[in-house]
>>> print(open('final-v5.cif').read())   # mmCIF, C-alpha atoms
data_upload
loop_
_atom_site.label_atom_id
_atom_site.label_comp_id
_atom_site.auth_asym_id
_atom_site.auth_seq_id
_atom_site.Cartn_x
_atom_site.Cartn_y
_atom_site.Cartn_z
CA MET A 134 0.00 0.00 0.00
CA ALA A 135 1.49 3.32 -1.16
CA ILE A 136 0.06 5.64 1.47
CA LEU A 137 3.45 7.02 2.55
CA THR A 138 4.87 7.82 -0.88
CA PRO A 139 5.86 11.49 -1.38
CA GLN A 140 3.22 11.90 -4.09
CA ILE A 141 0.42 10.67 -1.84
CA ILE A 142 1.55 12.83 1.08
CA ILE A 143 1.71 15.91 -1.18
CA LEU A 144 -1.80 15.18 -2.47
CA THR A 145 -3.07 14.82 1.10
CA VAL A 146 -1.55 18.15 2.10
CA VAL A 147 -3.00 19.87 -0.97
CA PHE A 148 -6.45 18.45 -0.20
CA GLY A 149 -6.28 19.81 3.33
CA ILE A 150 -5.33 23.27 2.11
CA VAL A 151 -8.06 23.35 -0.56
CA ALA A 152 -10.78 21.97 1.73
CA GLY A 153 -9.99 24.34 4.57
CA PHE A 154 -9.74 27.41 2.36
CA LEU A 155 -13.00 26.68 0.53
CA ALA A 156 -14.79 25.90 3.79
CA GLY A 157 -13.82 29.29 5.20
CA LEU A 158 -14.33 31.15 1.94
CA LEU A 159 -17.80 29.82 1.18
CA GLY A 160 -19.11 28.88 4.62
CA ILE A 161 -19.49 25.27 3.46
CA GLY A 162 -18.67 22.38 5.77
CA GLY A 163 -15.33 20.76 5.02
CA GLY A 164 -16.88 17.30 4.75
CA VAL A 165 -18.72 18.25 1.57
CA ILE A 166 -15.30 18.90 0.04
CA LEU A 167 -13.21 16.24 1.76
CA VAL A 168 -15.39 13.19 1.13
CA PRO A 169 -15.32 13.45 -2.71
CA LEU A 170 -11.58 14.04 -2.60
CA PHE A 171 -11.06 10.98 -0.40
CA LEU A 172 -13.29 8.87 -2.66
CA TRP A 173 -10.87 9.66 -5.48
CA PHE A 174 -7.68 9.70 -3.43
CA PHE A 175 -7.98 6.56 -1.28
CA PRO A 176 -8.03 4.14 -4.26
CA LEU A 177 -4.85 5.83 -5.54
CA ALA A 178 -3.26 5.16 -2.16
CA GLY A 179 -4.11 1.47 -2.49
CA PHE A 180 -7.01 1.25 -0.04
CA PRO A 181 -9.08 -1.95 -0.47
CA ALA A 182 -12.19 -1.15 -2.53
CA GLU A 183 -14.55 -2.40 0.18
CA LEU A 184 -13.10 0.10 2.69
CA VAL A 185 -12.81 3.22 0.54
CA VAL A 186 -16.27 4.78 1.06
CA HIS A 187 -16.66 4.07 4.77
CA THR A 188 -13.08 5.18 5.50
CA ALA A 189 -13.69 8.39 3.54
CA PHE A 190 -16.71 9.15 5.74
CA GLY A 191 -15.08 8.19 9.05
CA THR A 192 -11.85 10.07 8.28
CA SER A 193 -13.79 13.15 7.18
CA LEU A 194 -15.69 13.22 10.49
CA ALA A 195 -12.45 12.83 12.48
CA ILE A 196 -11.06 15.89 10.64
CA ILE A 197 -14.27 17.87 11.20
CA LEU A 198 -14.13 17.22 14.97
CA PRO A 199 -11.19 19.52 15.92
CA THR A 200 -12.45 22.18 13.51
CA ALA A 201 -15.85 22.09 15.24
CA VAL A 202 -14.14 22.40 18.63
CA SER A 203 -12.30 25.51 17.43
CA SER A 204 -15.52 26.98 16.04
CA THR A 205 -17.42 26.23 19.25
CA LEU A 206 -14.81 27.96 21.40
CA GLY A 207 -15.06 31.01 19.16
CA HIS A 208 -18.85 31.10 19.45
CA ARG A 209 -18.63 30.63 23.23
CA LYS A 210 -16.47 33.76 23.55
CA ARG A 211 -19.11 35.71 21.64
CA GLY A 212 -22.01 34.42 23.74
CA ASN A 213 -23.55 32.51 20.83
CA ILE A 214 -24.08 29.24 22.70
CA HIS A 215 -26.94 28.37 25.06
CA TRP A 216 -25.57 25.46 27.07
CA GLY A 217 -28.99 24.34 28.28
CA MET A 218 -30.13 23.89 24.68
CA VAL A 219 -26.84 22.24 23.75
CA THR A 220 -27.31 19.68 26.54
CA TYR A 221 -30.58 18.45 25.03
CA LEU A 222 -29.25 18.69 21.47
CA SER A 223 -26.29 16.56 22.55
CA LEU A 224 -28.51 13.86 24.03
CA GLY A 225 -30.10 13.35 20.63
CA GLY A 226 -26.82 13.95 18.80
CA ILE A 227 -24.95 11.18 20.62
CA VAL A 228 -27.63 8.62 19.79
CA GLY A 229 -28.07 9.91 16.24
CA GLY A 230 -24.32 10.06 15.58
CA PHE A 231 -23.68 6.48 16.61
CA LEU A 232 -26.85 5.22 14.91
CA GLY A 233 -26.02 7.05 11.67
CA ALA A 234 -22.54 5.52 11.63
CA THR A 235 -24.04 2.09 12.33
CA VAL A 236 -26.54 2.33 9.48
CA ALA A 237 -23.80 3.59 7.13
CA ALA A 238 -21.56 0.67 8.15
CA TRP A 239 -24.31 -1.80 7.25
CA ILE A 240 -24.89 -0.31 3.79
CA PRO A 241 -22.61 -1.42 0.92
CA GLY A 242 -20.09 1.20 -0.11
CA THR A 243 -21.48 1.53 -3.65
CA ILE A 244 -24.96 2.45 -2.37
CA LEU A 245 -23.55 4.79 0.27
CA LYS A 246 -21.47 6.49 -2.42
CA ILE A 247 -24.56 7.07 -4.58
CA CYS A 248 -26.43 8.51 -1.58
CA PHE A 249 -23.59 10.97 -1.05
CA GLY A 250 -23.60 11.90 -4.74
CA ILE A 251 -27.33 12.67 -4.55
CA LEU A 252 -26.66 14.81 -1.48
CA GLN A 253 -24.04 16.78 -3.44
CA ILE A 254 -26.58 17.43 -6.20
CA ILE A 255 -29.24 18.56 -3.70
CA ILE A 256 -26.82 20.98 -2.03
CA SER A 257 -25.81 22.31 -5.43
CA VAL A 258 -29.42 22.92 -6.49
CA ARG A 259 -30.14 24.68 -3.21
CA LEU A 260 -27.10 26.97 -3.61
CA LEU A 261 -27.98 27.77 -7.21
CA PHE A 262 -31.74 28.31 -7.11
CA PHE A 263 -33.10 28.75 -3.58
CA LYS A 264 -33.10 32.11 -1.86
CA GLN A 265 -32.90 32.62 1.89
CA PRO A 266 -36.25 31.51 3.34
CA TYR A 267 -38.47 33.76 5.41
CA LEU A 268 -37.56 33.34 9.04
CA PRO A 269 -40.28 33.23 11.72
CA PRO A 270 -40.14 35.61 14.71
CA GLU A 271 -37.31 34.76 17.09
CA CYS A 272 -38.23 33.12 20.38
CA ILE A 273 -35.53 31.74 22.67
CA ASP A 274 -37.84 30.18 25.28
CA CYS A 275 -40.56 28.71 23.03
CA ALA A 276 -39.09 25.29 22.26
CA ARG A 277 -39.46 22.33 24.61
CA PRO A 278 -36.48 20.16 25.67
CA TRP A 279 -37.76 17.15 23.72
CA GLN A 280 -37.76 19.23 20.53
CA PHE A 281 -34.05 19.94 20.96
CA VAL A 282 -33.43 16.22 21.52
CA ILE A 283 -35.20 15.39 18.24
CA VAL A 284 -33.31 18.08 16.29
CA GLY A 285 -30.04 16.81 17.77
CA PHE A 286 -30.91 13.26 16.77
CA ILE A 287 -31.74 14.28 13.19
CA GLY A 288 -28.59 16.41 12.85
CA GLY A 289 -26.37 13.75 14.39
CA SER A 290 -27.80 10.97 12.21
CA PHE A 291 -27.43 13.02 9.04
CA SER A 292 -23.87 14.03 9.92
CA ALA A 293 -22.74 10.48 10.65
CA PHE A 294 -24.48 8.89 7.69
CA PHE A 295 -22.94 11.25 5.13
CA GLY A 296 -19.60 11.94 6.85
CA ILE A 297 -20.17 15.71 6.99
CA GLY A 298 -20.66 18.24 9.76
CA GLY A 299 -24.46 18.28 9.77
CA GLY A 300 -24.91 22.03 10.14
CA ILE A 301 -26.61 22.11 6.75
CA VAL A 302 -29.55 20.34 8.41
CA THR A 303 -29.32 21.45 12.04
CA VAL A 304 -29.17 25.22 11.46
CA PRO A 305 -32.35 25.37 9.31
CA LEU A 306 -34.21 23.19 11.85
CA LEU A 307 -33.20 25.44 14.73
CA LEU A 308 -34.19 28.53 12.76
CA LEU A 309 -37.44 27.42 11.15
CA LEU A 310 -38.87 24.93 13.66
CA LEU A 311 -37.52 26.13 17.01
CA HIS A 312 -37.41 29.85 16.11
CA LEU A 313 -33.92 30.50 17.47
CA PRO A 314 -31.95 33.63 16.49
CA MET A 315 -29.33 33.02 13.82
CA ARG A 316 -26.41 33.52 16.22
CA LEU A 317 -27.70 30.84 18.59
CA ALA A 318 -28.63 28.48 15.75
CA VAL A 319 -25.10 28.60 14.33
CA GLY A 320 -23.36 28.51 17.73
CA ASN A 321 -25.48 25.66 19.11
CA SER A 322 -25.06 23.75 15.84
CA SER A 323 -21.27 24.02 16.14
CA ALA A 324 -21.42 22.60 19.66
CA LEU A 325 -23.70 19.79 18.50
CA ILE A 326 -21.27 18.90 15.70
CA VAL A 327 -18.54 18.32 18.30
CA VAL A 328 -20.68 15.80 20.18
CA SER A 329 -22.32 14.09 17.20
CA SER A 330 -19.04 13.86 15.25
CA LEU A 331 -17.32 12.29 18.26
CA ALA A 332 -20.11 9.70 18.59
CA ALA A 333 -20.00 9.05 14.84
CA VAL A 334 -16.20 8.62 14.85
CA VAL A 335 -16.53 6.10 17.67
CA GLY A 336 -19.16 4.29 15.60
CA TYR A 337 -16.98 4.22 12.48
CA ILE A 338 -14.02 2.96 14.51
CA TRP A 339 -16.07 0.25 16.19
CA HIS A 340 -17.69 -1.09 13.04
CA GLY A 341 -14.47 -0.82 11.05
CA LEU A 342 -12.68 -2.97 13.59
CA GLN A 343 -15.09 -5.79 12.76
CA GLN A 344 -13.77 -5.97 9.18
CA PRO A 345 -11.24 -8.70 8.25
CA VAL A 346 -9.16 -6.30 6.14
CA PHE A 347 -7.52 -3.11 7.31
CA VAL A 348 -5.53 -0.11 6.10
CA PRO A 349 -2.17 0.89 7.64
CA TYR A 350 -2.40 3.78 10.12
CA SER A 351 -6.15 3.23 10.42
CA LEU A 352 -8.26 2.39 13.43
CA GLY A 353 -11.49 0.97 12.12
CA TYR A 354 -12.81 3.24 9.38
CA VAL A 355 -10.66 6.22 10.42
CA ASN A 356 -7.22 6.75 8.90
CA TRP A 357 -5.33 8.72 11.52
CA LEU A 358 -2.34 9.48 9.31
CA VAL A 359 -4.63 11.42 6.96
CA VAL A 360 -6.34 13.07 9.94
CA LEU A 361 -3.02 14.25 11.40
CA LEU A 362 -1.89 15.60 8.03
CA VAL A 363 -5.13 17.28 6.99
CA ALA A 364 -6.82 18.55 10.18
CA PRO A 365 -4.23 21.22 11.10
CA LEU A 366 -4.20 22.48 7.52
CA THR A 367 -8.00 22.74 7.28
CA MET A 368 -8.14 24.72 10.53
CA ILE A 369 -5.42 27.17 9.44
CA CYS A 370 -6.64 27.57 5.86
CA ALA A 371 -10.27 27.99 6.93
CA ARG A 372 -9.24 31.19 8.70
CA LEU A 373 -7.44 32.37 5.56
CA GLY A 374 -10.59 31.64 3.56
CA VAL A 375 -12.69 33.70 5.98
CA ARG A 376 -10.33 36.65 5.59
CA TYR A 377 -10.36 36.43 1.79
CA ALA A 378 -14.16 36.09 1.70
CA SER A 379 -14.62 39.76 2.56
CA ARG A 380 -12.57 40.80 -0.49
CA THR A 381 -14.43 38.95 -3.22
CA SER A 382 -17.94 38.35 -4.57
CA GLN A 383 -19.54 35.65 -2.48
CA THR A 384 -22.46 35.23 -4.88
CA ARG A 385 -20.23 34.43 -7.86
CA LEU A 386 -17.99 32.11 -5.85
CA ILE A 387 -20.92 30.19 -4.41
CA ARG A 388 -22.41 29.71 -7.88
CA ILE A 389 -19.11 28.41 -9.24
CA PHE A 390 -18.76 26.09 -6.26
CA ALA A 391 -22.35 24.89 -6.70
CA VAL A 392 -21.63 23.95 -10.32
CA VAL A 393 -18.53 22.05 -9.20
CA LEU A 394 -20.59 20.21 -6.57
CA MET A 395 -23.18 19.36 -9.22
CA LEU A 396 -20.54 17.87 -11.51
CA ILE A 397 -19.00 15.90 -8.63
CA GLY A 398 -22.42 14.61 -7.58
CA LEU A 399 -23.33 13.55 -11.12
CA LYS A 400 -19.97 11.80 -11.54
CA ILE A 401 -20.40 9.93 -8.26
CA VAL A 402 -23.99 8.86 -9.03
CA PHE A 403 -23.48 7.87 -12.66
CA ASP A 404 -19.79 6.94 -12.41
CA PHE A 405 -18.79 8.51 -15.74
#
>>> encode(input="final-v5.cif", output="structure tokens")
Amino acid sequence: MAILTPQIIILTVVFGIVAGFLAGLLGIGGGVILVPLFLWFFPLAGFPAELVVHTAFGTSLAIILPTAVSSTLGHRKRGNIHWGMVTYLSLGGIVGGFLGATVAAWIPGTILKICFGILQIIISVRLLFFKQPYLPPECIDCARPWQFVIVGFIGGSFSAFFGIGGGIVTVPLLLLLLHLPMRLAVGNSSALIVVSSLAAVVGYIWHGLQQPVFVPYSLGYVNWLVVLLVAPLTMICARLGVRYASRTSQTRLIRIFAVVLMLIGLKIVFDF
């Protein structure tokens, strides 16, 4: 297996830089970028075909975890996190994260890959054609604890199943269903991602350990060599992307990125 060749290491570093920069530039979760890259990159590194998709998802979540911690600490300093809400979100997120990873582990990699490709297409269509929805009046104290548990479960399940952060689902639910202000929706979602990603990573490790084949430097479905190479780069480059975002046209960049996502999704689904 050629995972430690200079060419593979250079590719891994480049992926981390690109994913982090685009995540910060466009406000898109790094998993949406990392998973397609890993689906292409892991076969080049000699990963067994039956492990490629699940390892791409598990490794992506392990990279998202420290980034989410950094984001959560930033939101905490700005008062954008309501820890009472996060407690109930986390209860659902832990269960949903592990369950999502379990369901993904049971599904054959080819089907899981198609599901991810469809997700890419849906995100692309939303970025291209849907405007910001009308937000209901804000109400911090209106939602019941069980509603936060359900939202946490949905966000955690979605995150684990697709190997991405899950904010793309959690933030709209907190805004539209629970009527939270945007600052709390984003801050609480970041905190939930920490918990649900951790539960999902544990799930991917556990189920990956049951497989008869393995990849060097991996524990279950998480390749820690890739995590150690990519995670620091995504965190640093995400900040660079945020700085550059204020100097360029977000609308044009998001449209270009949406078209790229569409092409990636179509390639994954139809394998052309």
>>> closest_atom_pairs(input="final-v5.cif", of="stretch 312-395 of chain A", to="stretch 178-188 of chain A", cutoff="12 Å", atoms="all atoms listed in the file", output="tab-separated table")
residue	atom	partner	partner_atom	distance
A:Ala333	CA	A:His187	CA	11.7
A:Val334	CA	A:Thr188	CA	10.4
A:Gly336	CA	A:His187	CA	11.1
A:Tyr337	CA	A:His187	CA	7.7
A:Ile338	CA	A:Thr188	CA	9.3
A:His340	CA	A:His187	CA	9.8
A:Gly341	CA	A:His187	CA	8.3
A:Leu342	CA	A:Leu184	CA	11.3
A:Gln343	CA	A:Leu184	CA	11.8
A:Gln344	CA	A:Leu184	CA	8.9
A:Pro345	CA	A:Leu184	CA	10.6
A:Val346	CA	A:Pro181	CA	7.9
A:Phe347	CA	A:Leu184	CA	7.9
A:Val348	CA	A:Phe180	CA	6.5
A:Pro349	CA	A:Phe180	CA	9.1
A:Tyr350	CA	A:Phe180	CA	11.4
A:Ser351	CA	A:Thr188	CA	8.7
A:Leu352	CA	A:Thr188	CA	9.7
A:Gly353	CA	A:Thr188	CA	8.0
A:Tyr354	CA	A:Thr188	CA	4.3
A:Val355	CA	A:Thr188	CA	5.6
A:Asn356	CA	A:Thr188	CA	7.0
A:Trp357	CA	A:Thr188	CA	10.4
A:Val359	CA	A:Thr188	CA	10.6
A:Val360	CA	A:Thr188	CA	11.3
>>> resolve_selection(input="final-v5.cif", expression="the PyMOL selection byres ((chain A and resi 229) around 10)", output="short mmCIF file (atom, residue, chain, number, x, y, z; two decimals) with C-alpha atoms, in the coordinates of the input")
data_model
loop_
_atom_site.label_atom_id
_atom_site.label_comp_id
_atom_site.auth_asym_id
_atom_site.auth_seq_id
_atom_site.Cartn_x
_atom_site.Cartn_y
_atom_site.Cartn_z
CA SER A 223 -26.29 16.56 22.55
CA LEU A 224 -28.51 13.86 24.03
CA GLY A 225 -30.10 13.35 20.63
CA GLY A 226 -26.82 13.95 18.80
CA ILE A 227 -24.95 11.18 20.62
CA VAL A 228 -27.63 8.62 19.79
CA GLY A 230 -24.32 10.06 15.58
CA PHE A 231 -23.68 6.48 16.61
CA LEU A 232 -26.85 5.22 14.91
CA GLY A 233 -26.02 7.05 11.67
CA ALA A 234 -22.54 5.52 11.63
CA THR A 235 -24.04 2.09 12.33
CA VAL A 282 -33.43 16.22 21.52
CA ILE A 283 -35.20 15.39 18.24
CA VAL A 284 -33.31 18.08 16.29
CA GLY A 285 -30.04 16.81 17.77
CA PHE A 286 -30.91 13.26 16.77
CA ILE A 287 -31.74 14.28 13.19
CA GLY A 288 -28.59 16.41 12.85
CA GLY A 289 -26.37 13.75 14.39
CA SER A 290 -27.80 10.97 12.21
CA PHE A 291 -27.43 13.02 9.04
CA SER A 292 -23.87 14.03 9.92
CA ALA A 293 -22.74 10.48 10.65
CA PHE A 294 -24.48 8.89 7.69
CA SER A 329 -22.32 14.09 17.20
CA SER A 330 -19.04 13.86 15.25
CA ALA A 332 -20.11 9.70 18.59
CA ALA A 333 -20.00 9.05 14.84
#
>>> axis_aligned_box(input="final-v5.cif", around="stretch 308-317 of chain A", padding_each_side="3 Å", output="lines of an AutoDock Vina configuration file")
center_x = -32.6
center_y = 29.3
center_z = 14.9
size_x = 18.5
size_y = 14.7
size_z = 13.4
>>> closest_residue(input="final-v5.cif", among="A:Val304, A:Ile196, A:Val363, A:Ile141", to="A:Ser322", atoms="all atoms listed in the file")
A:Val304
>>> resolve_selection(input="final-v5.cif", expression="the PyMOL selection byres ((chain A and resi 214) around 7)", output="ChimeraX atom specification")
/A:208-209,212-213,215-216,317,320-321
>>> closest_residue(input="final-v5.cif", among="A:Phe148, A:Trp339, A:Phe295, A:Trp173", to="A:Ile251", atoms="all atoms listed in the file")
A:Phe295
>>> residues_around(input="final-v5.cif", residues="stretch 368-373 of chain A", least_positions_apart="5", cutoff="6 Å", atoms="only C-alpha atoms", output="list of chain:residue names")
A:Ile150, A:Gly153, A:Phe154, A:Ala156, A:Gly157, A:Thr200
>>> residues_around(input="final-v5.cif", residues="A:Leu198", least_positions_apart="2", cutoff="10 Å", atoms="all atoms listed in the file", output="list of chain:residue names")
A:Ser193, A:Leu194, A:Ala195, A:Ile196, A:Thr200, A:Ala201, A:Val202, A:Ser203, A:Ser204, A:Gly298, A:Ser323, A:Ile326, A:Val327, A:Val328, A:Ser329, A:Ser330, A:Leu331, A:Val334, A:Ala364
>>> residues_around(input="final-v5.cif", residues="A:Ile389", least_positions_apart="6", cutoff="10 Å", atoms="all atoms listed in the file", output="VMD selection string")
chain A and resid 257 260 to 261 383 395
>>> resolve_selection(input="final-v5.cif", expression="the PyMOL selection byres ((chain A and resi 310) around 10)", output="PyMOL selection string")
chain A and resi 268-269+276+280+284+304-309+311-313
>>> atom_distance(input="final-v5.cif", atom1="atom CA of A:Leu170", atom2="atom CA of A:Ile256")
16.8 Å
>>> atom_distance(input="final-v5.cif", atom1="atom CA of A:Val146", atom2="atom CA of A:Gly207")
25.3 Å
>>> atom_distance(input="final-v5.cif", atom1="atom CA of A:Ile143", atom2="atom CA of A:Phe174")
11.5 Å
>>> closest_residue(input="final-v5.cif", among="A:Arg388, A:Val335, A:Ala324, A:Trp239", to="A:Leu206", atoms="only C-alpha atoms")
A:Ala324
>>> residues_around(input="final-v5.cif", residues="A:Val392", least_positions_apart="4", cutoff="12 Å", atoms="all atoms listed in the file", output="list in words")
Gln253, Ile254, Ile255, Ile256, Ser257, Val258, Arg259, Leu260, Leu261, Phe262, Arg385, Leu386, Ile387, Arg388, Leu396, Ile397, Gly398 and Leu399 of chain A
>>> closest_residue(input="final-v5.cif", among="A:Ile142, A:Ile273, A:Val147, A:Ile244", to="A:Arg316", atoms="all atoms listed in the file")
A:Ile273
>>> closest_residue(input="final-v5.cif", among="A:Val402, A:Leu366, A:Pro241, A:Leu394", to="A:Val151", atoms="only C-alpha atoms")
A:Leu366
>>> closest_residue(input="final-v5.cif", among="A:Phe175, A:Leu361, A:Ala391, A:Ile297", to="A:Phe190", atoms="all atoms listed in the file")
A:Ile297
